[in-house]
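Working notes, beginning with the structure itself.
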Amino acid sequence: MGKILAALAAVLILGSCVQPTGSGSSVSPLSGTSAVVSSVVSIKTPSSVPTNTLSTNAKLPTSVSNSVVLDAWMWSFSDIEANLANIAAAGYNAVEVSPLEPIKQSATLAQWYLLYQPCDLTIGNPTLGNETGFKNLTTAAASYGISIIVDAVLNQTADNGTPGGFDPHVASYIQAHQKDWFHNNPTVANWENRMQETQYDLGNGPDWNTQNTTVQSLMLGFLNQCIADGAGGFRFDAAKSIETNAGVDAGASWTGVQSSPVTLYQWDPVALKLTTTPYANTGSGNFWDDVLPNLTNRSNLFLYGEVIQDVNDAADNENGYQTYFRTTATNVIGQLANAYTKANLTGLATIPASSGSGEDPTKIVVYTENWDNYTGGLYNTAGQSYAQRLVENAILTARAGMVNILFVRPGEGLWYDPVMVAVNWFHNLMAGDSEYLEYAGNGAPSSMTTALLAIKRQSGGVDAGMVLVNAASSAQTITVSTSFAPGTYPDRGPSGDTFSVKSGVSGVSLANGSNTLTGTVPAQSAVVLVP
């Protein structure tokens, strides 16, 4: 969200933070308050538990890497907990929560913006709930097989409306260390300059000195407390603005790398000082090299970093960040929007990387929009229709190797739409299977409309199932080859349509199966076929 914050900082009005209070820790927020908070967004939920029509014995995958993530934007911990049965039944095995650190408060600023204005490195704020509420959520989620992914804001703190100035209620112990714990540089002016992008302020927000080992210990303390409370992974906000020692950053003077191994010591959140207890893994001085190996339960965490792409911009350093965790494939947002608008789904086989090459699905996360886009940032998606986002999410979710993150707009039920439920469970059941995309000119007849796409999931070259997508504004007839046995196959989604498979291949140019499937795909929708 770096560029978004930078653009907004100049015009946003000064707010103030919730003052952290006692309860055994001088930095523990929301002490003594209820874990239940008032919702700040309208939340639409299903009238009955979503139904999985693919398999009555289906279970959610144990790994987030094999399933679909629900982005419960600004939902409180208690709201999410109340909907866990619906979320699991709809096929999501992970929920991403908004930032849970103490935040700036204001009656005039957008609440989503305030969530990215942290005042401390502790758990709990008035929007989501307190630490007890978070622990209650993760415990309940685990009983459903759902992981909770925390959106962690580690790059900057809340500002007072002036460049590099702290909001007055940023924790006093943090403000006291401005000289050594922050970079104290100007605001980023050139987003293609890696030194500026990683060492300068984003807008007005004071930029943490992430090479400082005490800062690293502070952040490790926060992340490991989230893990101790049940977090199953993290989204690293503005990851692109925290230096690496890989890719284009390697060897730069500002990576923090030191000549000898670095020992990190655990932070005491009560005494507000480092302890004499070292973390198990020594580091190099670089933030990611020091912090990630010392995360508790590291091998079981799902991690990804926000690395907003600019095509052919080496300053993205995608390859460098992907040596540490998955990154956001933001270019897919524009790619899908263009394909849908033109009703031409034939160019989606490769997701474009910053370098112009194709992305490796195992190194990225994908989404059709997130709060940045919905609120007017890069790839503004606010005007996109429900049907468009349904089609786009169906495409990403049905693909092999993808981790699709479905964003929940306020007051909207796309997340439990029967089409999405069917595609989600298709994705879950097909985990580990390969894919073949069949469309006009690529196996399917060249005469077939470009608005149609068959996403075929295969095991040993045999079709295990397929999702047929139609971006056109009217129903379309589809013809594709298949290894399904001759017979009829109903849509496992809500359409009720039936598709026919006949022996032999008819009218296809690159037979990808010995039989031919035909049927009609509803307008701006998708159908799910599984033998």
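Just remember, in the structure tokens the first chain shown is A, the second B, etc., residues are 1-based per chain, and ligands are 1-based in the order shown.
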Contacts of segment 403-442 of chain A with segment 327-341 of chain A up to 12 Å, shortest pair per row, only C-alpha atoms, as a Markdown table:
```
| residue | atom | partner | partner_atom | distance |
| --- | --- | --- | --- | --- |
| A:Val403 | CA | A:Thr328 | CA | 10.3 |
| A:Asn404 | CA | A:Ala329 | CA | 10.4 |
| A:Ile405 | CA | A:Thr328 | CA | 10.2 |
```
Discussion item. Can you pull out the residues contacting segment 140-144 of chain A? Cut-off 7 Å, using only C-alpha atoms, and skip same-chain residues under 5 positions away; I want them as a list in words.
Written reply: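 Once the nearby chain positions are removed, what remains is Glu81, Leu84 and Ala88 of chain A.
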Worksheet item: Contacts of Ala523 of chain A at 7 Å or less, counting only C-alpha atoms, minus same-chain residues fewer than 4 places along, as a ChimeraX atom specification?
Response: /A:470-475
Item to complete: Find the residues around Ala85 of chain A up to 12 Å (only C-alpha atoms counted), leave out those fewer than 4 positions away in its own chain, and share them as a PyMOL selection string.
Response: chain A and resi 45-46+48-51+79-81+89-93+140-146+416
Residues of segment 182-232 of chain A that have any atom at most 6 Å from an atom of segment 298-316 of chain A: could you tabulate them with the shortest-distance atom pair and the distance in Å to one decimal, using only C-alpha atoms, ordered by chain and increasing number, as CSV?
```
residue,atom,partner,partner_atom,distance
A:Glu192,CA,A:Ala315,CA,5.1
A:Arg194,CA,A:Ala315,CA,5.7
A:Gly232,CA,A:Leu301,CA,5.3
```
Filtering to N, CA and C atoms, could you give me those residues as a short mmCIF file (atom, residue, chain, number, x, y, z; two decimals), in the first residue's frame?
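Written output follows (part.cif):
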```
data_model
loop_
_atom_site.label_atom_id
_atom_site.label_comp_id
_atom_site.auth_asym_id
_atom_site.auth_seq_id
_atom_site.Cartn_x
_atom_site.Cartn_y
_atom_site.Cartn_z
N GLU A 192 11.11 4.37 -8.55
CA GLU A 192 11.99 3.45 -9.26
C GLU A 192 13.40 3.47 -8.69
N ARG A 194 15.45 2.23 -5.63
CA ARG A 194 15.29 1.28 -4.54
C ARG A 194 15.75 1.86 -3.19
N GLY A 232 -1.95 -18.02 11.76
CA GLY A 232 -1.39 -19.04 10.88
C GLY A 232 -0.55 -18.48 9.76
#
```
Fill in: Residue neighbourhood segment 204-219 of chain A, 7 Å, only C-alpha atoms, exclusion window fewer than 5 positions, as a PyMOL selection string
chain A and resi 9+121+155-159+161-166+181-183+187+256+264-267+285-287+291
Discussion item. Measuring between only C-alpha atoms, which one of A:Met420, A:Ala107, A:Ala387, A:Leu223 shows the shortest distance to Val150 of chain A?
Written reply: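 That would be A:Leu223, the residue with the smallest distance to Val150 of chain A.
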Item to complete: Report as number ranges by chain: the residues of segment 59-211 of chain A with a DSSP assignment of helix (DSSP H, G or I), based on the backbone of this structure.
Response: A: 64-66, 77-82, 84-89, 111-114, 131-143, 172-175, 178-181, 194-199
Worksheet entry | Point-to-point distance in Å for atom CA of Pro186 of chain A and atom CA of Val248 of chain A |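 Value for the atom CA of Val248 of chain A-atom CA of Pro186 of chain A distance: 22.1 Å.
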